[in-house]
Every structure is written in structure tokens, then in C-alpha cells.
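Q: Got a structure here, written out as C-alpha cells. Questions coming.
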Amino acid sequence: MAGFPSTQSEVTSLAEAAPRVRFAPSPTGYLHVGGARTALFNWLFARHHHGTFILRIEDTDIERSTSEMVEGILQGMRWLGLDWDEGPYFQTQRMDLYRQTAARLIASGHAYYCFCTKEELERKRAAALADGRSAKYEGICRGVPREEAARRRAAGESAAVRFAVPETGSTYFDDAVLGRVEFANNEVEDVVLLRSDGAPTYHLSVVADDIDMRISHIIRGSDHISNTPKQVMLYEALGEPMPVFAHVPLILGPDKTRLSKRHGATSVMAYRDQGIVPEAFRNFLALLGWAPPGGTAGILGDAELIRLFDLDGISKSNAIFDRAKLDWFNSEHIRAFSAEKLLPLVEVEWKKAGIEPDLMDRDWLLRTIDLVKPRARNLRDFATLFRAYFTDSFEADPAAVEKFLKDENVRQMLVELGGRYAASEDGFSEQETEKLLYDFAAEKEMKAGPLINGARVALTGQGVAPSLFAVMAMLGRERTVSRLKAAQEMAARAMNQEV
RNA sequence: GGCGCUAUCGUCUAGGGGUUAGGACGGAAGAUUCUCAAUCUUCAAACCCGGGUUCGAUUCCCGGUAGCGCUACCA
């Protein structure tokens with residue numbers, strides 16, 4: 001690395017102050033779960049250390065970047081609750097910085113003009129690959145004298161700018177999760193810094209921006225490991241203090257291949273649409289590839305996550321996305337939510353499902369949500385599984401009818417029971433409704449169980465529900481009676497539907 | 001192919017030169033009998049393979065194997 005100023009000693013100077021980290025997505029797609037976790041780790045790190053979390057949009061690939069995707073990413077970040085302290089910065093608005101940085105590199109002899117055409121390079125690469133040789137750029141234009149390069153450019157010939165990678169020696173970095181990683185310099189290609197149209201490539205823009213924004217810790221996916229030596233060289237060539245690199249393992253699908261659309265939803269917004277709550281998603285994502293000291297972790301809120309999070313808990317190996325576990329986190333978080341917090345979230349689901357809660361009394365809604373939430377796996381359940389609690393317009397689950405309402409006698413008894421509830425002078429509390437049913441069962445000389453289970457289906461349309469009498473008390477006399485009396489019709493419809 | 005990274009129950013992980021290798025999700029069984037997607041109890045389930053170092057390796061070292069990543073004028 002002769003000729004490069006040593007900057008390793010300056011590592012500490014950047015890392016010692018309050019950390020500055022960034023999430024730098026490319027707007028060529030939505031915010032996917034891998035990116036979301038990278039963002040979350042950066043956010044947790046910044047919050048834990050009272051540092052700064054910066055959002056930077058890497059949109060230098062104008063062909064593939066779109067403003068819809070920018071909006072989609074911001075939306076995803078907001079939904080996930082990852083608030084940023086600076087930005088969003090857009091690289092397309094910072095072009096001057098990159099050109100200046102490239103000029104510095106050319107001036108110091110660390111970069112040079114390359115006149116090779118794309119087609120030429122493509123052909124050579126194909127040939128090299130066919131021969132089993134390395135497809136690395138051979139550095140042909142490195143030998144072009146400065147004056148000649150200037151002349152050719154003046155004559156209108158287009159040129160890219162390449163970085164002149166040292167031909168010997170090696171480059172290393174001490175990764176905060178992986179430890180020391182070293183690459184032989186001759187394995188590293190003379191990467192393009194500036195395209196022939198003057199636009200920067202990723203390698204130039206990240207380094208220029210990370211320097212300019214004084215990023216102290218670069219926490220990103222491990223798919224960037226092989227890019228790192230190039231960036232380290234750039235820091236050295238520029239004589240800038242080195243940040244700390246922390247490469248986070250990737251998230252894989254259940255088949256151990258990189259997570260993609262094939263595995264189902266990858267966009268974080270799709271999880272919102274599935275009724276996942278952000279608290280659960282953060283908890284789940286944080287524990288994918290990271291574990292707090294001691295390793296045992298379950299339901300954690302943001303305060304605990306922030307308190308516990310640090311780089312040394314990040315695992316080195318890839319993690320598989322486990323949907324069942326996400327669902328578990330989600331049900332636990334929903335259960336921990338107050339009904340007041342749940343209500344507006346649930347109202348969104350009702351709206352989507354065309355439910356206008358017939359019983360609009362807010363207090364009643366809150367109590368019902370509390371009654372039902374221990375059995376919820378996601379927010380949508382409040383509009384599907386629990387639909388009957390909030391509207392009279394619901395259909396029975398055929399499986400539940402099959403299980404508990406198949407017996408004609410039971411159905412008749414339920415209708416009759418409905419009449420009893422209608423005629424009763426008693427109140428409609430849990431205790432009173434329970435007493436009436438048991439008395440009724442005794443009178444008819446039948447067990448209460450089948451009646452209770454049948455009534456559950458008649459009242460809720462489901463085979464799974466809270467305690468029946470709590471449900472009755474919640475629904476009130478009028479609804480309980482009319483639903484019991486409609487047991488026959490409901491069962492008939494469900495059994496028809498089944499065929 | 002080349003280069004790099006990784007390897008503990010099915011999954012996420014803790015641990016660490018001598019342990020009954022711990023926890024959580026999921027799974028199974030049981031209890032509750034008013035259902036279960038709720039609750040409680042119990043159970044099954046792992047150190048990739050081969051060498052080396054060592055009194056002793058799952059742990060440290062080397063090799064293999066496998067998986068993943070990168071290998072663009074994408075990011």
C-alpha cells in the first residue's frame with residue numbers, strides 16, 4: 001500500500017464521538033425485509049449510543065430508480081417507526097461532490113481515465129470466462145499517459161474514471177462482527193468510479209457521502225463484504241479516517257436461499273397489510289441475526305431493544321425467516337396492546353372488510369376488543385375470526401358448524417333456548433346467562449356442553465371463542481336471542497356452502 | 001471457476017478445553033371439559049466430517065464438505 005497515508009490510527013477518532021450511522025437504500029424496489037432489518041440495526045445502534053441516524057437515498061442508477069420507490073421506502077420506514085435524524089439525502093442532488101472527489105483522485109494519481117467501451121469490455125469478459133480466466137479488468141488504460149488522455153477527451157472521446165488499485169499487497173478491515181477480513185490487492189479490480197456519462201457509481205458515491213456525512217459506523221448487509229476493500233482503498237487514497245464496518249448476515253428463505261418473492265411477501269408493507277403490527281415486526285427482525293447478552297430473548301419492547309442492542313450481539317451466520325415465529329411475536333404484542341391502542345388499528349381492518357360496527361358505543365367496542373384479543377394472531381382477525389362480535393352481518397365457519405351444529409336436536413334446543421332468554425326476567429350478566437342455560441339443560445335432561453358449543457357457533461360463527469357467557473353478556477340479550485333463534489338457518493347456509 | 005464469509009435442536013440462538021450443552025418459536029403428549037388459534041404441565045429434538053494440539057475437544061488450529069455472498073460504466 002505504498003503511497004497511501006496510513007489512516008488506521010484515525011479509526012478511533014471517528015468512532016469515539018457520538019456515532020453517525022446511515023441507512024442507504026436504492027430506490028429500485030420497495031423496502032424489503034432485509035433492508036428493513038439493516039435499517040432497524042442502524043436505528044437501534046444510533047438510539048442506543050445517542051448517535052445520529054441518517055437516511056440517504058442512493059439513486060445514482062437513474063435507469064432503475066423511481067420516485068414511487070422512494071415514496072415506498074419512506075412509507076415503509078415510517079410504518080416501521082424508524083425515524084431518521086437527517087435526510088433523506090438524495091445522491092442525485094450531490095453530483096458535484098462525486099465529481100470533485102473523482103477529480104481529487106485523478107489529481108493524486110489514484111484514478112485514471114479509461115477509454116475502453118462497454119462492448120469491448122463485455123467481449124473480453126466473456127472470452128476470459130470461457131477460457132476459465134479471471135474476468136477482472138486488466139487495467140489496459142492505466143498506461144495511457146495523462147497528456148494523451150487529456151487530448152483524447154478534448155477530442156470528444158468519452159471516458160470512464162477508474163480507480164488504480166495497488167497491484168501488490170493486501171487490504172484489510174477489522175469488521176465489528178466478523179473480525180479481520182483481508183483481501184489480496186491483485187484480486188481487486190480497477191473499479192469504475194465515474195461512468196463515461198459523468199455519473200458516479202456506487203463505490204464512489206458511498207465513500208464520498210460517508211466521508212462527507214462523517215459516518216462513523218457502516219452497518220450493512222454482508223453482501224457488501226467484497227466491496228469493502230475497494231472502499232477501504234478509497235478512504236486511504238483520500239486520506240480520510242476509516243469508519244467501522246459491521247457486516248450483518250443475510251436473511252434467507254426457509255429453503256436457505258436468499259429471501260425473494262418466491263418465498264412470499266418481501267415488502268414490509270405487505271406485512272402491514274397482513275395485520276402485523278410494527279412493534280412485533282421490529283421485535284422479530286431485531287432477533288433475526290442478533291441476540292442480547294445472555295442470548296435469551298423473547299418479547300421485547302423498543303426501550304429494551306434500544307437498551308440491549310449493540311454490534312457484538314450480531315451473529316455471523318445467515319438467518320432463516322421464520323413466519324411462524326413472526327406470528328407468535330405478533331400475537332404477543334397485540335395481546336399486550338391496550339384496547340384504546342388497538343381500536344384505531346382494528347377500525348382500519350373493519351373498513352377494509354366492509355364492517356360498520358353495529359354497536360358503535362366506544363366503551364362497548366373497547367371491552368369487546370379486550371375480550372377477544374388474547375386469541376388474535378394479527379389485526380385482520382378482528383375483521384374475520386371476530387367479525388360476529390362487531391356486526392350482525394357474518395357467516396358461520398362451515399367447519400365449526402360441522403363440529404358443533406350438526407345435531408338437529410341441538411339446533412332445535414338452541415332455538416328454544418333463545419326463546420327462554422327472550423322471556424327471562426333475569427338480568428343478562430355472565431352469571432345469569434350461565435344459570436339459565438344450565439337450568440335449561442337440566443330440564444331437558446341433556447348435557448350443557450353440546451348446548452354451549454352449539455351456542456358458541458350460533459353466536460360467533462366460530463368454533464373458537466372466549467367463554468360463551470362472557471360473549472353473551474357482551475352481545476346483549478337482543479342479539480343473543482336473535483342469533484340463537486337463527487341457528488337453524490345459519491347451519492343450513494353453512495352446510496350448503498360446504499358442498 | 002476465482003475470491004470472501006459462515007457452520008450448536010426443524011428455526012432463532014446461549015454457552016464454552018471437563019456441562020444432564022441452556023432458552024425461545026414450532027412440534028408431540030397431557031390437563032382444563034365450555035370450544036382452542038387461549039391457559040397450564042410434560043416430552044422429543046443439536047455441537048457438519050476428518051486430522052492435529054491436549055490427560056481431555058463440541059469449544060483452539062489445519063483440511064474437507066456444504067451453504068451463502070461477490071465476481072457490471074447495479075446498488
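Starting from 1 in every chain, residues are counted up; chains themselves are A, B, ... following the order of the C-alpha cells, and ligands are numbered from 1 as listed.
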When you look at Ser315 (chain A) with a cut-off of 12 Å (counting only C-alpha atoms (C1' of nucleotides)), what residues show up, excluding the ones that are within fewer than 5 positions of it in the same chain? I need them as a ChimeraX atom specification.
A: /A:176-179,222,246-251,286-293,295,310 /B:6-7,12-14
Q: As a VMD selection string, please: every residue in region 105-284 of chain A that DSSP puts in alpha helix (DSSP H).
A: chain A and resid 105 to 107 118 to 130 146 to 154 202 to 212 228 to 238 268 to 273 278 to 284
Q: Taking only C-alpha atoms (C1' of nucleotides) into account, report as a PDB file with all heavy atoms, in the first residue's frame which residues of chain A lie within 6 Å of chain B.
A:
ATOM      1  N   ARG A 195     -18.898   6.972 -14.440  1.00  0.00           N
ATOM      2  CA  ARG A 195     -19.254   6.408 -15.740  1.00  0.00           C
ATOM      3  C   ARG A 195     -18.867   7.394 -16.830  1.00  0.00           C
ATOM      4  O   ARG A 195     -18.636   8.580 -16.546  1.00  0.00           O
ATOM      5  CB  ARG A 195     -20.755   6.149 -15.808  1.00  0.00           C
ATOM      6  CG  ARG A 195     -21.314   5.212 -14.774  1.00  0.00           C
ATOM      7  CD  ARG A 195     -22.829   5.233 -14.907  1.00  0.00           C
ATOM      8  NE  ARG A 195     -23.498   4.212 -14.134  1.00  0.00           N
ATOM      9  CZ  ARG A 195     -23.983   4.397 -12.907  1.00  0.00           C
ATOM     10  NH1 ARG A 195     -23.840   5.565 -12.301  1.00  0.00           N
ATOM     11  NH2 ARG A 195     -24.602   3.430 -12.276  1.00  0.00           N
ATOM     12  N   ASP A 223     -23.613  -8.845   2.007  1.00  0.00           N
ATOM     13  CA  ASP A 223     -23.391  -8.922   0.556  1.00  0.00           C
ATOM     14  C   ASP A 223     -22.433  -7.814   0.108  1.00  0.00           C
ATOM     15  O   ASP A 223     -22.019  -7.796  -1.045  1.00  0.00           O
ATOM     16  CB  ASP A 223     -24.724  -8.841  -0.207  1.00  0.00           C
ATOM     17  CG  ASP A 223     -25.611  -7.709   0.252  1.00  0.00           C
ATOM     18  OD1 ASP A 223     -25.410  -7.192   1.365  1.00  0.00           O
ATOM     19  OD2 ASP A 223     -26.507  -7.330  -0.512  1.00  0.00           O
ATOM     20  N   SER A 226     -17.363  -8.037  -0.139  1.00  0.00           N
ATOM     21  CA  SER A 226     -16.327  -7.957  -1.183  1.00  0.00           C
ATOM     22  C   SER A 226     -16.190  -6.552  -1.762  1.00  0.00           C
ATOM     23  O   SER A 226     -15.221  -6.273  -2.448  1.00  0.00           O
ATOM     24  CB  SER A 226     -16.568  -8.964  -2.305  1.00  0.00           C
ATOM     25  OG  SER A 226     -17.681  -9.741  -2.077  1.00  0.00           O
ATOM     26  N   GLY A 294     -26.356 -12.792  26.844  1.00  0.00           N
ATOM     27  CA  GLY A 294     -27.027 -13.887  27.530  1.00  0.00           C
ATOM     28  C   GLY A 294     -27.846 -14.718  26.577  1.00  0.00           C
ATOM     29  O   GLY A 294     -28.087 -15.887  26.810  1.00  0.00           O
ATOM     30  N   GLY A 295     -28.265 -14.084  25.485  1.00  0.00           N
ATOM     31  CA  GLY A 295     -28.890 -14.833  24.414  1.00  0.00           C
ATOM     32  C   GLY A 295     -30.370 -15.092  24.537  1.00  0.00           C
ATOM     33  O   GLY A 295     -31.063 -15.233  23.549  1.00  0.00           O
ATOM     34  N   THR A 296     -30.902 -15.150  25.732  1.00  0.00           N
ATOM     35  CA  THR A 296     -32.309 -15.454  25.872  1.00  0.00           C
ATOM     36  C   THR A 296     -33.135 -14.205  25.631  1.00  0.00           C
ATOM     37  O   THR A 296     -32.968 -13.202  26.305  1.00  0.00           O
ATOM     38  CB  THR A 296     -32.611 -15.998  27.274  1.00  0.00           C
ATOM     39  OG1 THR A 296     -31.775 -17.126  27.483  1.00  0.00           O
ATOM     40  CG2 THR A 296     -34.055 -16.426  27.386  1.00  0.00           C
ATOM     41  N   SER A 317     -23.634 -15.795  11.141  1.00  0.00           N
ATOM     42  CA  SER A 317     -24.196 -16.662  10.103  1.00  0.00           C
ATOM     43  C   SER A 317     -25.590 -16.200   9.678  1.00  0.00           C
ATOM     44  O   SER A 317     -26.317 -15.563  10.437  1.00  0.00           O
ATOM     45  CB  SER A 317     -24.234 -18.101  10.596  1.00  0.00           C
ATOM     46  OG  SER A 317     -24.730 -18.153  11.910  1.00  0.00           O
ATOM     47  N   LYS A 325     -42.760 -17.781  13.745  1.00  0.00           N
ATOM     48  CA  LYS A 325     -42.257 -17.005  14.873  1.00  0.00           C
ATOM     49  C   LYS A 325     -42.746 -15.558  14.807  1.00  0.00           C
ATOM     50  O   LYS A 325     -43.084 -14.964  15.822  1.00  0.00           O
ATOM     51  CB  LYS A 325     -40.731 -17.049  14.885  1.00  0.00           C
ATOM     52  CG  LYS A 325     -40.143 -16.760  16.246  1.00  0.00           C
ATOM     53  CD  LYS A 325     -38.664 -17.057  16.248  1.00  0.00           C
ATOM     54  CE  LYS A 325     -38.150 -17.157  17.663  1.00  0.00           C
ATOM     55  NZ  LYS A 325     -36.771 -17.677  17.679  1.00  0.00           N
ATOM     56  N   GLY A 463     -65.823 -21.827  15.911  1.00  0.00           N
ATOM     57  CA  GLY A 463     -65.684 -22.883  16.892  1.00  0.00           C
ATOM     58  C   GLY A 463     -64.745 -22.473  18.014  1.00  0.00           C
ATOM     59  O   GLY A 463     -64.630 -23.138  19.037  1.00  0.00           O
ATOM     60  N   VAL A 464     -64.063 -21.383  17.806  1.00  0.00           N
ATOM     61  CA  VAL A 464     -63.104 -20.889  18.795  1.00  0.00           C
ATOM     62  C   VAL A 464     -63.552 -19.519  19.271  1.00  0.00           C
ATOM     63  O   VAL A 464     -63.817 -18.637  18.467  1.00  0.00           O
ATOM     64  CB  VAL A 464     -61.697 -20.761  18.176  1.00  0.00           C
ATOM     65  CG1 VAL A 464     -60.737 -20.139  19.170  1.00  0.00           C
ATOM     66  CG2 VAL A 464     -61.198 -22.112  17.718  1.00  0.00           C
TER      67      VAL A 464
END
Q: Just the strand (DSSP E or B) stuff from region 15-177 of chain A, please, per backbone DSSP, written as a ChimeraX atom specification.
A: /A:20-23,32,52-57,86-90,111-114,160-163,170-175
Q: Record the distance separating CA of Ser26 (chain A) and CA of Thr66 (chain A), expressed in Å with one decimal.
A: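 The value is 9.5 Å.
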Q: Might you pull out every residue within 12 Å of region 54-60 of chain B, with only C-alpha atoms (C1' of nucleotides) counted and same-chain residues fewer than 5 positions away left off, and present them as a PyMOL selection string?
A: chain B and resi 8+15-19+21+46-48
Q: Can I get the selection written as a short mmCIF file (atom, residue, chain, number, x, y, z; two decimals), in the first residue's frame, with N, CA and C atoms (P, O5', C5', C4', C3', O3' and C1' of nucleotides)?
A:
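And here is the file that came out, again_6.cif:
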data_model
loop_
_atom_site.label_atom_id
_atom_site.label_comp_id
_atom_site.auth_asym_id
_atom_site.auth_seq_id
_atom_site.Cartn_x
_atom_site.Cartn_y
_atom_site.Cartn_z
P U B 8 -24.80 -23.96 13.03
"O5'" U B 8 -24.72 -24.68 14.46
"C5'" U B 8 -24.15 -25.98 14.56
"C4'" U B 8 -24.57 -26.59 15.87
"C3'" U B 8 -26.05 -26.54 16.15
"O3'" U B 8 -26.71 -27.63 15.53
"C1'" U B 8 -24.89 -25.77 18.05
P G B 15 -22.80 -16.31 24.34
"O5'" G B 15 -22.28 -17.62 25.08
"C5'" G B 15 -22.37 -17.71 26.49
"C4'" G B 15 -22.17 -19.13 26.92
"C3'" G B 15 -20.82 -19.73 26.56
"O3'" G B 15 -19.84 -19.36 27.53
"C1'" G B 15 -22.53 -21.26 26.01
P G B 16 -18.61 -18.39 27.03
"O5'" G B 16 -17.32 -19.27 27.31
"C5'" G B 16 -17.30 -20.09 28.48
"C4'" G B 16 -17.15 -21.52 28.06
"C3'" G B 16 -15.89 -21.81 27.23
"O3'" G B 16 -14.80 -22.01 28.10
"C1'" G B 16 -17.79 -22.82 26.21
P G B 17 -13.34 -21.90 27.55
"O5'" G B 17 -13.36 -23.36 26.96
"C5'" G B 17 -12.21 -24.12 26.66
"C4'" G B 17 -12.67 -25.56 26.72
"C3'" G B 17 -12.66 -26.11 28.13
"O3'" G B 17 -13.51 -27.24 28.18
"C1'" G B 17 -11.00 -27.15 26.85
P G B 18 -14.70 -27.25 29.22
"O5'" G B 18 -14.68 -28.78 29.69
"C5'" G B 18 -15.18 -29.78 28.80
"C4'" G B 18 -15.32 -31.10 29.57
"C3'" G B 18 -16.30 -31.07 30.74
"O3'" G B 18 -16.79 -32.38 30.89
"C1'" G B 18 -14.11 -31.40 31.55
P U B 19 -18.16 -32.92 30.82
"O5'" U B 19 -19.25 -31.86 31.33
"C5'" U B 19 -19.12 -31.18 32.57
"C4'" U B 19 -20.40 -30.38 32.78
"C3'" U B 19 -21.68 -31.16 32.47
"O3'" U B 19 -22.17 -31.74 33.67
"C1'" U B 19 -21.73 -29.01 31.42
P A B 21 -24.73 -32.53 28.60
"O5'" A B 21 -25.74 -31.34 28.30
"C5'" A B 21 -25.72 -30.16 29.07
"C4'" A B 21 -25.65 -28.95 28.20
"C3'" A B 21 -26.87 -28.66 27.33
"O3'" A B 21 -27.89 -28.05 28.10
"C1'" A B 21 -24.95 -28.41 26.02
P A B 46 -30.73 -34.66 19.27
"O5'" A B 46 -29.83 -33.49 18.68
"C5'" A B 46 -29.68 -33.35 17.26
"C4'" A B 46 -28.87 -32.12 16.98
"C3'" A B 46 -27.45 -32.16 17.56
"O3'" A B 46 -26.58 -32.83 16.68
"C1'" A B 46 -28.48 -30.09 18.07
P C B 47 -25.35 -33.70 17.26
"O5'" C B 47 -24.41 -32.61 17.91
"C5'" C B 47 -23.25 -32.17 17.21
"C4'" C B 47 -23.30 -30.67 17.07
"C3'" C B 47 -22.02 -30.06 16.52
"O3'" C B 47 -22.37 -29.03 15.61
"C1'" C B 47 -22.49 -29.18 18.68
P C B 48 -21.39 -28.83 14.34
"O5'" C B 48 -21.42 -30.17 13.49
"C5'" C B 48 -22.65 -30.70 12.98
"C4'" C B 48 -22.38 -31.45 11.70
"C3'" C B 48 -21.06 -32.22 11.68
"O3'" C B 48 -21.22 -33.52 12.23
"C1'" C B 48 -21.23 -30.91 9.72
#
Q: Could you pull the residues within 10 Å of G27 (chain B), counting only C-alpha atoms (C1' of nucleotides), minus those fewer than 4 positions along the same chain, as a list in words?
A: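 Near neighbours after the sequence-gap exclusion: G10, A44 and A45 of chain B.
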Q: Residues as selected, all heavy atoms, written as a PDB file, in the first residue's frame, can you do that?
A:
ATOM      1  P     G B  10     -32.557 -30.769  13.993  1.00  0.00           P
ATOM      2  OP1   G B  10     -32.861 -32.201  13.840  1.00  0.00           O
ATOM      3  OP2   G B  10     -31.216 -30.256  13.610  1.00  0.00           O
ATOM      4  O5'   G B  10     -33.649 -29.954  13.170  1.00  0.00           O
ATOM      5  C5'   G B  10     -33.719 -30.085  11.739  1.00  0.00           C
ATOM      6  C4'   G B  10     -34.745 -29.124  11.203  1.00  0.00           C
ATOM      7  O4'   G B  10     -36.018 -29.411  11.820  1.00  0.00           O
ATOM      8  C3'   G B  10     -34.463 -27.659  11.538  1.00  0.00           C
ATOM      9  O3'   G B  10     -33.649 -27.065  10.544  1.00  0.00           O
ATOM     10  C2'   G B  10     -35.861 -27.058  11.556  1.00  0.00           C
ATOM     11  O2'   G B  10     -36.335 -26.807  10.251  1.00  0.00           O
ATOM     12  C1'   G B  10     -36.675 -28.204  12.168  1.00  0.00           C
ATOM     13  N9    G B  10     -36.733 -28.134  13.627  1.00  0.00           N
ATOM     14  C8    G B  10     -36.252 -29.068  14.501  1.00  0.00           C
ATOM     15  N7    G B  10     -36.434 -28.735  15.751  1.00  0.00           N
ATOM     16  C5    G B  10     -37.064 -27.508  15.702  1.00  0.00           C
ATOM     17  C6    G B  10     -37.498 -26.665  16.737  1.00  0.00           C
ATOM     18  O6    G B  10     -37.409 -26.832  17.943  1.00  0.00           O
ATOM     19  N1    G B  10     -38.094 -25.508  16.251  1.00  0.00           N
ATOM     20  C2    G B  10     -38.238 -25.203  14.929  1.00  0.00           C
ATOM     21  N2    G B  10     -38.821 -24.039  14.661  1.00  0.00           N
ATOM     22  N3    G B  10     -37.825 -25.989  13.930  1.00  0.00           N
ATOM     23  C4    G B  10     -37.258 -27.117  14.391  1.00  0.00           C
ATOM     24  P     A B  44     -37.118 -35.937  26.833  1.00  0.00           P
ATOM     25  OP1   A B  44     -36.195 -37.000  27.266  1.00  0.00           O
ATOM     26  OP2   A B  44     -36.830 -34.526  27.178  1.00  0.00           O
ATOM     27  O5'   A B  44     -37.301 -36.042  25.254  1.00  0.00           O
ATOM     28  C5'   A B  44     -37.721 -37.266  24.657  1.00  0.00           C
ATOM     29  C4'   A B  44     -37.962 -37.036  23.190  1.00  0.00           C
ATOM     30  O4'   A B  44     -39.060 -36.102  23.037  1.00  0.00           O
ATOM     31  C3'   A B  44     -36.802 -36.369  22.481  1.00  0.00           C
ATOM     32  O3'   A B  44     -35.837 -37.318  22.072  1.00  0.00           O
ATOM     33  C2'   A B  44     -37.495 -35.707  21.293  1.00  0.00           C
ATOM     34  O2'   A B  44     -37.764 -36.636  20.263  1.00  0.00           O
ATOM     35  C1'   A B  44     -38.812 -35.260  21.921  1.00  0.00           C
ATOM     36  N9    A B  44     -38.777 -33.869  22.380  1.00  0.00           N
ATOM     37  C8    A B  44     -38.482 -33.384  23.628  1.00  0.00           C
ATOM     38  N7    A B  44     -38.575 -32.075  23.730  1.00  0.00           N
ATOM     39  C5    A B  44     -38.948 -31.679  22.464  1.00  0.00           C
ATOM     40  C6    A B  44     -39.218 -30.408  21.908  1.00  0.00           C
ATOM     41  N6    A B  44     -39.150 -29.272  22.592  1.00  0.00           N
ATOM     42  N1    A B  44     -39.568 -30.355  20.608  1.00  0.00           N
ATOM     43  C2    A B  44     -39.641 -31.501  19.917  1.00  0.00           C
ATOM     44  N3    A B  44     -39.422 -32.756  20.325  1.00  0.00           N
ATOM     45  C4    A B  44     -39.082 -32.769  21.616  1.00  0.00           C
ATOM     46  P     A B  45     -34.301 -37.000  22.240  1.00  0.00           P
ATOM     47  OP1   A B  45     -33.520 -38.173  21.778  1.00  0.00           O
ATOM     48  OP2   A B  45     -34.057 -36.426  23.578  1.00  0.00           O
ATOM     49  O5'   A B  45     -34.153 -35.822  21.172  1.00  0.00           O
ATOM     50  C5'   A B  45     -34.428 -36.082  19.802  1.00  0.00           C
ATOM     51  C4'   A B  45     -34.416 -34.783  19.041  1.00  0.00           C
ATOM     52  O4'   A B  45     -35.509 -33.944  19.489  1.00  0.00           O
ATOM     53  C3'   A B  45     -33.188 -33.925  19.301  1.00  0.00           C
ATOM     54  O3'   A B  45     -32.086 -34.364  18.536  1.00  0.00           O
ATOM     55  C2'   A B  45     -33.686 -32.545  18.873  1.00  0.00           C
ATOM     56  O2'   A B  45     -33.659 -32.403  17.474  1.00  0.00           O
ATOM     57  C1'   A B  45     -35.136 -32.583  19.372  1.00  0.00           C
ATOM     58  N9    A B  45     -35.239 -31.919  20.674  1.00  0.00           N
ATOM     59  C8    A B  45     -34.949 -32.411  21.916  1.00  0.00           C
ATOM     60  N7    A B  45     -35.095 -31.547  22.883  1.00  0.00           N
ATOM     61  C5    A B  45     -35.503 -30.400  22.236  1.00  0.00           C
ATOM     62  C6    A B  45     -35.821 -29.100  22.695  1.00  0.00           C
ATOM     63  N6    A B  45     -35.761 -28.751  23.970  1.00  0.00           N
ATOM     64  N1    A B  45     -36.193 -28.190  21.787  1.00  0.00           N
ATOM     65  C2    A B  45     -36.254 -28.545  20.491  1.00  0.00           C
ATOM     66  N3    A B  45     -35.982 -29.721  19.934  1.00  0.00           N
ATOM     67  C4    A B  45     -35.606 -30.612  20.877  1.00  0.00           C
TER      68        A B  45
END
Q: One decimal, Å: what's the distance from CA of Thr168 (chain A) over to CA of Asn185 (chain A), could you say?
A: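 If I compute the distance from CA of Thr168 (chain A) to CA of Asn185 (chain A), I get 5.7 Å.
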Q: Need the shell around Val481 (chain A): protein/DNA/RNA residues with any atom at most 8 Å away, counting only C-alpha atoms (C1' of nucleotides). Skip same-chain ones fewer than 2 positions apart. Format as a PyMOL selection string?
A: chain A and resi 418-419+421-422+477-479+483-485
Q: Could you jot down the CA of Asn496 (chain A) to CA of Arg380 (chain A) separation for me, Å, one decimal place?
A: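 Going from CA of Asn496 (chain A) over to CA of Arg380 (chain A) covers 25.9 Å.
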Q: Write out as number ranges by chain which residues come within 12 Å of Met413 (chain A) when counting only C-alpha atoms (C1' of nucleotides), dropping same-chain ones fewer than 2 positions away.
A: A: 405, 407-411, 415-420, 437, 440-441, 443-448, 450-452, 454-455, 458, 484-488
